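The data block below is model10.cif; it holds mmCIF, C-alpha atoms.
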data_coords
#
loop_
_atom_site.label_atom_id
_atom_site.label_comp_id
_atom_site.auth_asym_id
_atom_site.auth_seq_id
_atom_site.Cartn_x
_atom_site.Cartn_y
_atom_site.Cartn_z
CA MET Q 1 -12.67 10.85 52.15
CA THR Q 2 -9.43 9.17 53.21
CA HIS Q 3 -6.25 11.20 53.08
CA ARG Q 4 -3.00 9.52 52.17
CA LYS Q 5 0.45 10.42 50.99
CA VAL Q 6 0.43 11.10 47.25
CA LYS Q 7 3.82 9.98 45.87
CA ILE Q 8 5.48 12.56 43.64
CA LEU Q 9 8.55 12.37 41.40
CA TYR Q 10 10.31 15.50 40.12
CA CYS Q 11 12.78 15.08 37.25
CA ASP Q 12 15.48 17.74 37.31
CA ALA Q 13 16.88 17.54 33.76
CA PHE Q 14 19.59 20.20 34.18
CA SER Q 15 21.87 18.16 31.89
CA GLY Q 16 19.16 16.79 29.63
CA VAL Q 17 17.61 13.35 29.69
CA SER Q 18 17.98 9.92 28.12
CA GLY Q 19 16.37 6.58 28.74
CA ASP Q 20 19.42 5.14 30.51
CA MET Q 21 19.71 8.25 32.72
CA LEU Q 22 16.11 7.75 33.84
CA LEU Q 23 16.78 4.08 34.56
CA GLY Q 24 19.90 4.92 36.56
CA GLY Q 25 18.10 7.53 38.65
CA LEU Q 26 15.17 5.20 39.37
CA LEU Q 27 17.52 2.40 40.44
CA ASP Q 28 19.25 4.92 42.71
CA LEU Q 29 15.85 5.64 44.31
CA GLY Q 30 15.57 2.03 45.41
CA VAL Q 31 14.30 -0.19 42.59
CA PRO Q 32 16.20 -3.51 42.93
CA LEU Q 33 18.25 -4.36 39.85
CA ASN Q 34 17.17 -8.02 39.99
CA GLU Q 35 13.48 -7.00 39.92
CA LEU Q 36 14.09 -4.77 36.91
CA GLN Q 37 16.07 -7.55 35.21
CA SER Q 38 13.15 -9.96 35.66
CA ALA Q 39 10.81 -7.49 33.94
CA ILE Q 40 13.24 -7.05 31.04
CA ASP Q 41 13.75 -10.84 30.78
CA SER Q 42 10.02 -11.19 30.07
CA LEU Q 43 10.61 -9.40 26.74
CA GLY Q 44 12.67 -12.39 25.56
CA LEU Q 45 15.41 -10.20 24.12
CA GLY Q 46 18.31 -11.98 25.82
CA VAL Q 47 19.83 -8.87 27.37
CA GLU Q 48 21.50 -8.20 30.71
CA LEU Q 49 21.43 -4.91 32.62
CA THR Q 50 24.42 -3.69 34.58
CA ALA Q 51 24.40 -0.76 36.99
CA GLU Q 52 27.54 0.82 38.38
CA THR Q 53 28.35 3.91 40.38
CA VAL Q 54 30.31 6.45 38.34
CA LYS Q 55 31.53 10.04 38.81
CA ARG Q 56 30.47 12.97 36.67
CA CYS Q 57 32.43 16.14 37.54
CA GLY Q 58 33.08 14.59 40.94
CA LEU Q 59 29.46 13.77 41.69
CA ARG Q 60 28.21 10.17 41.88
CA GLY Q 61 25.45 8.69 39.79
CA ILE Q 62 24.23 5.33 38.54
CA SER Q 63 25.15 4.36 35.00
CA VAL Q 64 23.05 1.65 33.34
CA THR Q 65 24.31 -0.43 30.42
CA VAL Q 66 22.36 -2.89 28.27
CA ILE Q 67 24.46 -5.91 27.27
CA GLU Q 68 23.22 -8.24 24.56
CA ARG Q 69 23.95 -11.85 25.52
CA GLU Q 70 23.50 -12.78 21.88
CA LYS Q 71 23.27 -10.58 18.80
CA SER Q 72 19.66 -9.86 17.85
CA PRO Q 73 18.30 -8.14 14.73
CA PRO Q 74 17.30 -4.49 15.17
CA ILE Q 75 13.69 -3.58 15.90
CA ARG Q 76 12.64 -1.17 13.17
CA ASP Q 77 8.85 -0.76 12.93
CA MET Q 78 5.97 -0.30 15.34
CA ASN Q 79 4.54 -3.72 14.61
CA ALA Q 80 7.79 -5.42 15.66
CA PHE Q 81 7.88 -3.48 18.94
CA CYS Q 82 4.23 -4.35 19.63
CA GLN Q 83 4.71 -8.05 18.91
CA ILE Q 84 7.52 -8.27 21.48
CA LEU Q 85 5.52 -6.24 23.97
CA ASP Q 86 2.38 -8.32 23.50
CA MET Q 87 4.23 -11.57 24.29
CA ALA Q 88 5.90 -10.18 27.43
CA ASN Q 89 4.78 -11.25 30.90
CA LEU Q 90 3.98 -7.71 32.00
CA SER Q 91 0.81 -6.12 33.36
CA SER Q 92 -1.60 -4.57 30.89
CA ALA Q 93 -0.99 -1.17 32.56
CA ILE Q 94 2.76 -1.36 31.88
CA LYS Q 95 2.14 -2.49 28.29
CA LYS Q 96 -0.36 0.31 27.69
CA LYS Q 97 2.01 3.01 28.96
CA THR Q 98 4.94 1.57 27.00
CA PHE Q 99 2.80 1.64 23.86
CA GLY Q 100 1.89 5.27 24.56
CA VAL Q 101 5.56 6.28 24.74
CA LEU Q 102 6.35 4.34 21.56
CA GLN Q 103 3.51 6.15 19.80
CA LEU Q 104 5.05 9.51 20.69
CA LEU Q 105 8.38 8.38 19.20
CA PHE Q 106 6.88 6.99 16.00
CA HIS Q 107 4.61 9.99 15.41
CA ALA Q 108 7.61 12.32 15.84
CA GLU Q 109 9.65 10.30 13.33
CA ALA Q 110 6.70 10.23 10.92
CA ARG Q 111 6.51 14.04 10.97
CA VAL Q 112 10.27 14.37 10.53
CA HIS Q 113 10.24 12.27 7.36
CA GLY Q 114 6.77 13.25 6.13
CA ILE Q 115 5.48 9.68 5.95
CA PRO Q 116 2.64 7.71 7.60
CA VAL Q 117 3.40 6.18 11.00
CA GLU Q 118 3.02 2.64 9.67
CA LYS Q 119 5.86 3.27 7.20
CA VAL Q 120 8.33 4.57 9.79
CA ARG Q 121 11.50 2.50 10.16
CA LEU Q 122 13.67 3.46 13.11
CA HIS Q 123 17.44 3.52 12.65
CA GLU Q 124 19.32 4.98 15.63
CA LEU Q 125 16.25 4.25 17.79
CA GLY Q 126 15.68 0.85 16.20
CA SER Q 127 17.68 -0.96 18.82
CA ILE Q 128 16.91 -3.24 21.70
CA ASP Q 129 18.08 -0.44 24.03
CA THR Q 130 15.07 1.70 23.08
CA LEU Q 131 12.52 -0.89 24.18
CA VAL Q 132 14.54 -1.80 27.28
CA ASP Q 133 14.80 1.86 28.34
CA ILE Q 134 11.06 2.45 27.90
CA VAL Q 135 9.81 -0.78 29.48
CA GLY Q 136 12.38 -0.46 32.26
CA THR Q 137 11.37 3.10 33.11
CA VAL Q 138 7.65 2.28 33.04
CA TYR Q 139 8.27 -0.75 35.27
CA CYS Q 140 10.34 1.28 37.78
CA LEU Q 141 7.68 4.01 38.03
CA ASP Q 142 5.09 1.31 38.68
CA PHE Q 143 7.35 -0.42 41.24
CA LEU Q 144 7.85 2.86 43.16
CA ASP Q 145 4.07 3.44 43.01
CA ILE Q 146 4.47 7.01 41.72
CA ASP Q 147 1.20 8.96 41.58
CA THR Q 148 2.34 12.18 39.89
CA ILE Q 149 5.40 13.18 37.87
CA TYR Q 150 6.70 16.67 37.19
CA SER Q 151 9.75 17.77 35.22
CA SER Q 152 11.97 20.80 34.93
CA SER Q 153 12.25 22.67 31.66
CA ILE Q 154 14.44 21.00 29.05
CA PRO Q 155 17.87 22.32 27.99
CA ILE Q 156 18.54 22.99 24.32
CA SER Q 157 22.15 22.37 23.28
CA SER Q 158 23.78 22.76 19.86
CA GLY Q 159 26.26 21.01 17.60
CA TRP Q 160 25.84 18.07 15.27
CA VAL Q 161 25.01 14.39 15.65
CA LYS Q 162 25.70 11.52 13.23
CA THR Q 163 22.61 9.66 12.01
CA HIS Q 164 21.72 7.06 9.37
CA HIS Q 165 20.65 9.96 7.12
CA GLY Q 166 23.90 11.88 7.66
CA PRO Q 167 24.87 14.71 10.06
CA MET Q 168 21.93 16.40 11.76
CA PRO Q 169 21.84 19.54 13.91
CA VAL Q 170 21.30 19.20 17.66
CA PRO Q 171 18.61 18.89 18.93
CA ALA Q 172 17.96 15.92 16.65
CA PRO Q 173 14.89 16.32 14.40
CA ALA Q 174 12.69 13.94 16.42
CA VAL Q 175 13.68 15.73 19.63
CA SER Q 176 12.69 19.06 18.08
CA ILE Q 177 9.21 17.66 17.32
CA LEU Q 178 8.86 16.23 20.83
CA MET Q 179 9.85 19.59 22.32
CA GLU Q 180 6.66 21.18 20.98
CA GLY Q 181 4.60 22.33 23.94
CA VAL Q 182 7.48 21.76 26.37
CA PRO Q 183 9.27 24.66 28.16
CA VAL Q 184 12.94 24.80 27.13
CA HIS Q 185 15.99 26.89 27.98
CA PRO Q 186 19.26 27.49 26.07
CA THR Q 187 22.70 26.15 27.04
CA SER Q 188 26.19 26.67 25.65
CA VAL Q 189 26.87 22.93 25.43
CA LYS Q 190 27.70 21.66 21.94
CA LEU Q 191 26.71 18.04 22.53
CA GLU Q 192 23.49 16.06 22.36
CA LEU Q 193 21.92 16.31 25.84
CA VAL Q 194 18.40 15.12 25.07
CA THR Q 195 17.54 11.86 23.33
CA PRO Q 196 14.17 11.12 21.70
CA THR Q 197 13.54 8.20 24.07
CA GLY Q 198 14.28 10.22 27.20
CA LEU Q 199 12.13 13.17 26.13
CA ALA Q 200 9.26 10.93 24.98
CA LEU Q 201 9.20 9.31 28.43
CA LEU Q 202 9.14 12.68 30.21
CA LYS Q 203 6.52 14.07 27.85
CA TYR Q 204 4.24 11.06 28.28
CA PHE Q 205 4.42 10.92 32.07
CA SER Q 206 4.97 14.50 33.26
CA ARG Q 207 1.92 16.42 34.37
CA GLU Q 208 3.79 19.71 34.07
CA PHE Q 209 7.20 21.02 32.98
CA GLY Q 210 8.54 23.83 35.12
CA SER Q 211 9.14 24.69 38.74
CA PHE Q 212 9.52 22.32 41.65
CA PRO Q 213 6.15 21.13 43.03
CA GLN Q 214 5.11 21.44 46.66
CA MET Q 215 6.19 18.16 48.27
CA ASN Q 216 8.00 16.61 51.20
CA VAL Q 217 11.29 15.24 49.81
CA GLU Q 218 12.12 11.69 50.89
CA LYS Q 219 15.05 10.76 48.65
CA THR Q 220 17.09 11.88 45.67
CA GLY Q 221 18.54 9.68 42.94
CA PHE Q 222 21.07 10.41 40.22
CA GLY Q 223 21.20 8.79 36.79
CA ALA Q 224 24.46 9.25 34.90
CA GLY Q 225 24.82 10.08 31.23
CA SER Q 226 27.26 8.04 29.16
CA ARG Q 227 29.82 10.87 28.87
CA ASP Q 228 31.65 12.96 31.44
CA ILE Q 229 31.11 16.57 30.27
CA GLN Q 230 33.66 19.13 31.47
CA ASP Q 231 31.24 22.05 31.81
CA HIS Q 232 28.86 20.43 34.31
CA PRO Q 233 27.93 17.07 35.90
CA ASN Q 234 26.18 15.01 33.25
CA LEU Q 235 23.47 13.71 35.58
CA LEU Q 236 19.70 13.53 35.80
CA ARG Q 237 18.51 14.29 39.34
CA LEU Q 238 15.30 12.67 40.54
CA TRP Q 239 13.50 13.90 43.64
CA LEU Q 240 11.11 11.42 45.27
CA GLY Q 241 8.64 12.72 47.83
CA HIS Q 242 5.04 12.98 48.85
CA SER Q 243 2.18 15.35 49.48
CA ASP Q 244 -0.35 14.82 52.25
CA GLN Q 245 -3.21 15.87 49.97
CA THR Q 246 -5.88 13.66 48.51
CA GLY Q 247 -5.57 12.93 44.83
CA ALA Q 248 -6.81 16.39 43.86
CA ASN Q 249 -5.42 18.11 40.78
CA GLU Q 250 -6.07 20.55 37.99
CA ILE Q 251 -6.80 19.16 34.53
CA ILE Q 252 -7.82 20.52 31.14
CA GLU Q 253 -11.17 19.56 29.60
CA LEU Q 254 -11.41 19.59 25.80
CA VAL Q 255 -14.91 19.54 24.29
CA THR Q 256 -16.01 19.45 20.68
CA VAL Q 257 -19.33 18.64 18.97
CA ILE Q 258 -19.37 16.85 15.61
CA ASP Q 259 -22.26 16.03 13.27
CA ASP Q 260 -20.57 15.18 9.96
CA ILE Q 261 -18.44 12.11 10.64
CA PRO Q 262 -19.12 8.33 10.57
CA LEU Q 263 -19.71 7.29 14.17
CA GLU Q 264 -17.22 4.40 13.97
CA ILE Q 265 -14.44 7.00 13.65
CA ILE Q 266 -15.10 8.25 17.19
CA PRO Q 267 -13.97 5.07 19.08
CA HIS Q 268 -10.84 5.04 16.91
CA THR Q 269 -10.16 8.66 17.86
CA ILE Q 270 -10.73 7.91 21.55
CA GLU Q 271 -8.13 5.11 21.37
CA LYS Q 272 -5.66 7.54 19.82
CA LEU Q 273 -6.32 10.12 22.54
CA LEU Q 274 -5.84 7.59 25.34
CA SER Q 275 -2.62 6.26 23.79
CA LYS Q 276 -1.31 9.84 23.67
CA GLY Q 277 -1.85 10.27 27.42
CA ALA Q 278 -5.42 11.51 27.84
CA LEU Q 279 -6.73 10.81 31.33
CA ASP Q 280 -10.12 9.94 29.86
CA ALA Q 281 -12.10 10.42 26.66
CA TYR Q 282 -15.74 9.68 25.98
CA MET Q 283 -18.66 10.65 23.73
CA CYS Q 284 -22.24 11.67 24.43
CA PRO Q 285 -25.10 11.84 21.88
CA THR Q 286 -26.49 15.34 21.43
CA TYR Q 287 -28.67 17.45 19.14
CA MET Q 288 -27.31 20.46 17.30
CA LYS Q 289 -29.03 23.39 15.66
CA LYS Q 290 -32.00 22.54 13.45
CA GLY Q 291 -32.33 19.23 15.30
CA ARG Q 292 -29.37 17.54 13.64
CA PRO Q 293 -28.04 14.57 15.68
CA GLY Q 294 -24.40 14.84 16.66
CA VAL Q 295 -21.76 13.62 19.09
CA GLU Q 296 -20.16 15.59 21.90
CA LEU Q 297 -16.62 14.36 22.42
CA LYS Q 298 -14.98 15.17 25.77
CA VAL Q 299 -11.32 14.68 26.61
CA LEU Q 300 -9.65 15.06 30.02
CA SER Q 301 -6.04 16.12 29.61
CA PRO Q 302 -3.14 16.58 32.04
CA ILE Q 303 -1.99 20.20 32.07
CA GLY Q 304 0.72 20.58 29.43
CA LEU Q 305 -0.58 17.85 27.12
CA GLU Q 306 -3.69 19.63 25.88
CA HIS Q 307 -2.07 20.99 22.69
CA GLU Q 308 -0.96 17.53 21.60
CA LEU Q 309 -4.42 16.09 22.27
CA MET Q 310 -6.07 18.95 20.39
CA ALA Q 311 -3.84 18.09 17.43
CA VAL Q 312 -5.25 14.54 17.53
CA LEU Q 313 -8.82 15.89 17.49
CA PHE Q 314 -8.14 18.19 14.55
CA TYR Q 315 -6.23 15.50 12.63
CA GLU Q 316 -8.52 12.52 13.26
CA THR Q 317 -11.95 14.21 13.06
CA THR Q 318 -13.76 16.91 11.08
CA THR Q 319 -13.98 19.34 14.00
CA THR Q 320 -13.01 22.95 13.36
CA GLY Q 321 -13.19 24.18 16.95
CA ILE Q 322 -12.54 22.94 20.49
CA ARG Q 323 -13.61 24.40 23.84
CA VAL Q 324 -10.82 24.42 26.41
CA GLU Q 325 -11.48 24.77 30.14
CA LYS Q 326 -9.48 24.17 33.30
CA ARG Q 327 -11.21 21.78 35.71
CA HIS Q 328 -10.58 20.55 39.24
CA ARG Q 329 -10.48 16.76 39.64
CA VAL Q 330 -10.47 14.67 42.83
CA THR Q 331 -9.41 11.02 42.64
CA LEU Q 332 -9.38 8.25 45.20
CA PRO Q 333 -6.00 6.99 46.38
CA ARG Q 334 -5.12 4.09 44.11
CA ARG Q 335 -2.36 1.75 43.11
CA HIS Q 336 -1.79 -0.86 40.42
CA THR Q 337 -1.64 -4.47 41.59
CA VAL Q 338 -2.13 -8.04 40.37
CA LEU Q 339 -4.68 -10.42 41.87
CA GLU Q 340 -4.24 -14.17 41.63
CA THR Q 341 -7.44 -15.81 40.37
CA PRO Q 342 -8.33 -19.47 39.71
CA TRP Q 343 -7.70 -18.74 36.02
CA GLY Q 344 -4.36 -16.97 36.40
CA PRO Q 345 -3.09 -13.50 37.43
CA VAL Q 346 -5.19 -10.48 36.45
CA ALA Q 347 -3.95 -6.88 36.59
CA ALA Q 348 -6.10 -4.67 38.78
CA LYS Q 349 -6.38 -1.28 40.43
CA GLU Q 350 -6.86 -0.95 44.17
CA VAL Q 351 -8.64 2.13 45.50
CA GLU Q 352 -9.25 3.27 49.05
CA ILE Q 353 -12.28 5.07 50.49
CA ASN Q 354 -13.03 5.59 54.18
CA ASN Q 355 -10.27 3.11 55.11
CA GLU Q 356 -11.93 0.46 52.92
CA LYS Q 357 -9.99 -1.05 50.02
CA ARG Q 358 -11.72 -2.04 46.81
CA THR Q 359 -10.07 -3.94 43.97
CA TYR Q 360 -11.26 -3.77 40.37
CA PRO Q 361 -9.89 -5.81 37.44
CA GLU Q 362 -8.28 -4.08 34.49
CA PHE Q 363 -10.76 -4.74 31.70
CA GLU Q 364 -8.27 -5.65 28.96
CA ASP Q 365 -6.43 -8.10 31.23
CA ALA Q 366 -9.67 -9.70 32.41
CA LYS Q 367 -10.89 -9.91 28.81
CA LYS Q 368 -7.73 -11.78 27.74
CA VAL Q 369 -8.08 -14.28 30.60
CA SER Q 370 -11.74 -14.79 29.66
CA ALA Q 371 -10.87 -15.42 26.01
CA LYS Q 372 -8.04 -17.80 26.93
CA THR Q 373 -9.95 -19.87 29.49
CA GLY Q 374 -13.54 -19.60 28.29
CA VAL Q 375 -14.63 -18.31 31.69
CA PRO Q 376 -17.38 -15.65 31.35
CA LEU Q 377 -16.03 -12.16 31.88
CA ILE Q 378 -18.73 -11.49 34.47
CA GLU Q 379 -17.45 -14.44 36.55
CA ILE Q 380 -13.98 -12.84 36.71
CA TYR Q 381 -15.57 -9.59 37.87
CA ASN Q 382 -17.63 -11.52 40.44
CA PHE Q 383 -14.47 -13.18 41.74
CA PHE Q 384 -12.95 -9.74 42.34
CA LYS Q 385 -16.10 -8.64 44.13
CA ARG Q 386 -16.04 -11.69 46.42
CA ALA Q 387 -12.29 -11.35 47.06
CA THR Q 388 -12.73 -7.69 48.02
CA ASN Q 389 -15.52 -8.46 50.48
CA GLU Q 390 -13.65 -11.27 52.24
#
Translate this structure into structure tokens?
Amino acid sequence: MTHRKVKILYCDAFSGVSGDMLLGGLLDLGVPLNELQSAIDSLGLGVELTAETVKRCGLRGISVTVIEREKSPPIRDMNAFCQILDMANLSSAIKKKTFGVLQLLFHAEARVHGIPVEKVRLHELGSIDTLVDIVGTVYCLDFLDIDTIYSSSIPISSGWVKTHHGPMPVPAPAVSILMEGVPVHPTSVKLELVTPTGLALLKYFSREFGSFPQMNVEKTGFGAGSRDIQDHPNLLRLWLGHSDQTGANEIIELVTVIDDIPLEIIPHTIEKLLSKGALDAYMCPTYMKKGRPGVELKVLSPIGLEHELMAVLFYETTTTGIRVEKRHRVTLPRRHTVLETPWGPVAAKEVEINNEKRTYPEFEDAKKVSAKTGVPLIEIYNFFKRATNE
């Protein structure tokens, strides 16, 4: 098996995290502002990004600001976010990950207010900035070709924050929900250090929260918070590096067997699990005691996300028990790319084995091109096969 450098990002959230801090740090690591602007322009929101070097307690960092060229109505519900995202000229991988982060935010807000997700209307988060921060961060991670992300524990501050519903204690209610399953530590700061958008991004992408991973550091980047706090530099520090290992890692396998649920519920549950960050989820037919037919549902989870995925299984199915085991997984070196075809660009993944590169289309992207052009899906797959062999 080929060995290559596995790219690693460590997020040191010693002063908390927000979407604009993540964007600033990623720009500081080398993502060109004009490339990021092009990705944001595809959303059709009419906004401009600015990035400037600022000082926080004497230390430099990049501050990102979203400027609306023309006033747009707020984006309140999930459907509105998805409509904008669906029309954007972005890869299916970026759209899928953005949707996953949005789901974390909306599910947290739904729990805060005790209402179904489809009835959630965002107020403070219902701004263009929220979508820009999420899409921008996902795009930057893809641009830097990051394989694995880790994060430090998250600081808990105190105080009060003004919201549409009146004053709320810090951490904000949605942040408190998102902190479930995440290591935290106390601080004496009486300001909001962690925003729902920033934490949702870290929770969706981070394999683990905790200590610094073993890696060779290549570069550090600093994203600046909007305020200059007296007690400490209000910065998010990003460490970019690599490991010379193959794509080997520890994961959690969740297994449950169900025999009392309509089978069409299972694909719906699998979609939910994948949108929440499951590495994979699939079902296998099986027979239970007394010969009853059933379904074995298996979920592969990053370490640290297993509790959230178990909550999906308990909530969406009739299961009353789940087996949890740590597994060792080995993956081929891979990267996301786009291949030009006679019918238009198609998102793809490129893997490497024994110095040979193989390119496979992303199914959803290929399916859309097939539906739009009338070209059989198999022909698109055959084009990829021929292009790889040339």
Record the distance separating CA of Lys95 (chain Q) and CA of Glu340 (chain Q), expressed in Å with one decimal.
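Between CA of Lys95 (chain Q) and CA of Glu340 (chain Q) the gap is 18.8 Å.
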Show me, as a ChimeraX atom specification, the residues that have an atom within 8 Å of region 6-21 of chain Q when counting only C-alpha atoms, minus same-chain residues fewer than 6 positions from it.
/Q:62-65,130,133-134,137,145-155,193-199,201,212-213,215,222-225,232-247,333
Please identify all polymer residues within 12 Å of Asp142 (chain Q), counting all atoms listed in the file, omitting same-chain residues fewer than 4 positions from it, and present them as a PyMOL selection string.
chain Q and resi 7+9+26+31+35-36+39+90-95+97-98+135-138+146-149+205+334-338+349
What lies within 8 Å of Tyr381 (chain Q) using only C-alpha atoms, ignoring chain neighbours under 3 positions off, as an MDAnalysis selection string?
chainID Q and resid 360:361 377:378 384:385
From the set Q:Thr220, Q:Thr388, Q:Ser275, Q:Ser42, which residue has the shortest atom-to-atom contact distance to Gly61 (chain Q), counting all atoms listed in the file?
Q:Thr220
For the point (-0.1, 23.9, 30.3) in file coordinates, what residues are within 10 Å, counting only C-alpha atoms? Give the answer as a ChimeraX atom specification?
/Q:181-183,207-210,251-252,301-307,326
Residues near Ser72 (chain Q), cut-off 10 Å, all atoms listed in the file, skip fewer than 6 positions along chain, as a PDB file with C-alpha atoms, keeping the file's coordinate frame:
ATOM      1  CA  LEU Q  45      15.410 -10.200  24.120  1.00  0.00           C
ATOM      2  CA  GLY Q  46      18.310 -11.980  25.820  1.00  0.00           C
ATOM      3  CA  VAL Q  47      19.830  -8.870  27.370  1.00  0.00           C
ATOM      4  CA  SER Q 127      17.680  -0.960  18.820  1.00  0.00           C
ATOM      5  CA  ILE Q 128      16.910  -3.240  21.700  1.00  0.00           C
TER       6      ILE Q 128
END
